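Take a look at the structure set out below.
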Amino acid sequence: LLEKELLAYRRAIGYKVPKAEASEDGNSSAGEAQSDEQAKIDSAEPLTEEEVKEKEELSTQGFGNWNRRDFYGLMRALENHGYGNMDLVKSDVEGKTPEEVEAYAKVFLKRYKELADADRLESQITKGEQKRTRRNEIQQLLDAKLGECKQDPQRHFCIPYGTGGSTARGRVYTEDEDRFLLVQLARIGIACDDVYDRIRQEVRLSPLFRFDWFIKSRNTQEIQRRCQTLVGLLQKEAQIK
């Protein structure tokens with residue numbers, strides 16, 4: 001009912017689902033998911049009188065102090081941390097104590113399959129788990145590769161460009177720039193939500209690039225794409241070995 005009500009509300013206000021940014025692995029499914037979600041909104045209908053009554057009755061039972069925002073907060077926490085990290089989940093739902101989250105999550109995980117959109121919710125959490133797994137693998141690769149460098153990786157790490165060189169969309173990134181991006185990606189952590197914003201800030205503050213207008217003028221999306229390209233080179237090299 002909450003999902004149906006939310007979709008109808010979004011349709012009423014003319015809400016448009018934002019276009020998804022490119023995923024870390026270049027998967028196009030994000031665009032399809034965006035189109036599917038928008039189609040749900042465009043075809044949404046308001047609650048019937050019977051459904052409104054049912055909602056009011058349910059609100060007086062069980063967890064009456066949980067609203068839609070709280071529910072989606074729990075879903076985001078489960079997506080970000082997974083079933084196996086409930087300590088993190090309990091501390092990541094704004095406005096709720098760990099005890100409240102634990103009690104609600106216990107019932108939710110036991111009964112969520114009774115919900116009409118159970119498959120979608122489970123898929124959402126599963127995709128979050130897959131995303132965390134990919135990020136963990138990339139972080140481990142970065143740590144291992146930079147750890148192999150016996151000297152300062154900012155100066156001496158060798159990037160396996162292969163035959164492609166350091167070009168990106170017709171413009172050459174220097175090896176110093178690329179090394180800096182990789183070092184910062186590993187230091188900040190790819191799991192950090194604003195990692196690419198923070199890398200961009202580090203670039204702008206670094207004395208290494210005081211007169212390097214090209215790298216200082218890259219936006220967050222360009223920094224992200226370049227980091228993904230560099231990670232891809234490391235992954236390719238690891239597969240060959």
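By convention here, the chains of the structure tokens are called A, B, ... in the order presented, each chain's residues are numbered starting at 1, and ligands are numbered starting at 1 in the order presented.
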Determine, using only C-alpha atoms, which residues of stretch 188-239 of chain A have any atom at most 8 Å from an atom of stretch 115-139 of chain A, and tabulate each with its shortest atom pair and distance in Å to one decimal place, rows ordered by chain and then rising number, as a Markdown table.
| residue | atom | partner | partner_atom | distance |
| --- | --- | --- | --- | --- |
| A:Gly189 | CA | A:Gln139 | CA | 6.8 |
| A:Ile190 | CA | A:Arg135 | CA | 6.3 |
| A:Ala191 | CA | A:Arg135 | CA | 6.2 |
| A:Val231 | CA | A:Ile138 | CA | 7.4 |
For this session: For A:Phe214, please output as JSON, numbers by chain all residues within 12 Å (counting only C-alpha atoms; exclusion window: fewer than 3 positions along the same chain).
Result: {"A": [171, 172, 173, 174, 177, 203, 204, 209, 210, 211, 217, 218, 219, 222, 223]}
Exercise. Between A:Leu2, A:Leu142, A:Leu74, A:Leu230, which one has atoms that come closest to A:Leu47, using only C-alpha atoms?
Worked result: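 Closest to A:Leu47 of all the choices is A:Leu2.
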Problem set entry | Top pick for closest residue to A:Asp212, considering A:Tyr112, A:Pro18, A:Lys150, A:Asp176 and counting only C-alpha atoms |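 Result for the nearest residue to A:Asp212: A:Asp176.
The nearest approach to A:Arg69 among the residues A:Leu109, A:Leu88, A:Leu146, A:Val93, with only C-alpha atoms taken into account, belongs to A:Val93.
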Exercise. Of the candidates A:Gly82, A:Gly31, A:Gly147, A:Gly95, which one gets nearest to A:Asn65 if we count only C-alpha atoms?
Worked result: A:Gly95
Problem set entry | Near-A:Val89 list (7 Å; only C-alpha atoms; drop same-chain fewer than 4 positions) as a list in words |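 Listing them by chain and then by number gives Ala77, Leu78, His81, Asn85 and Val93 of chain A.
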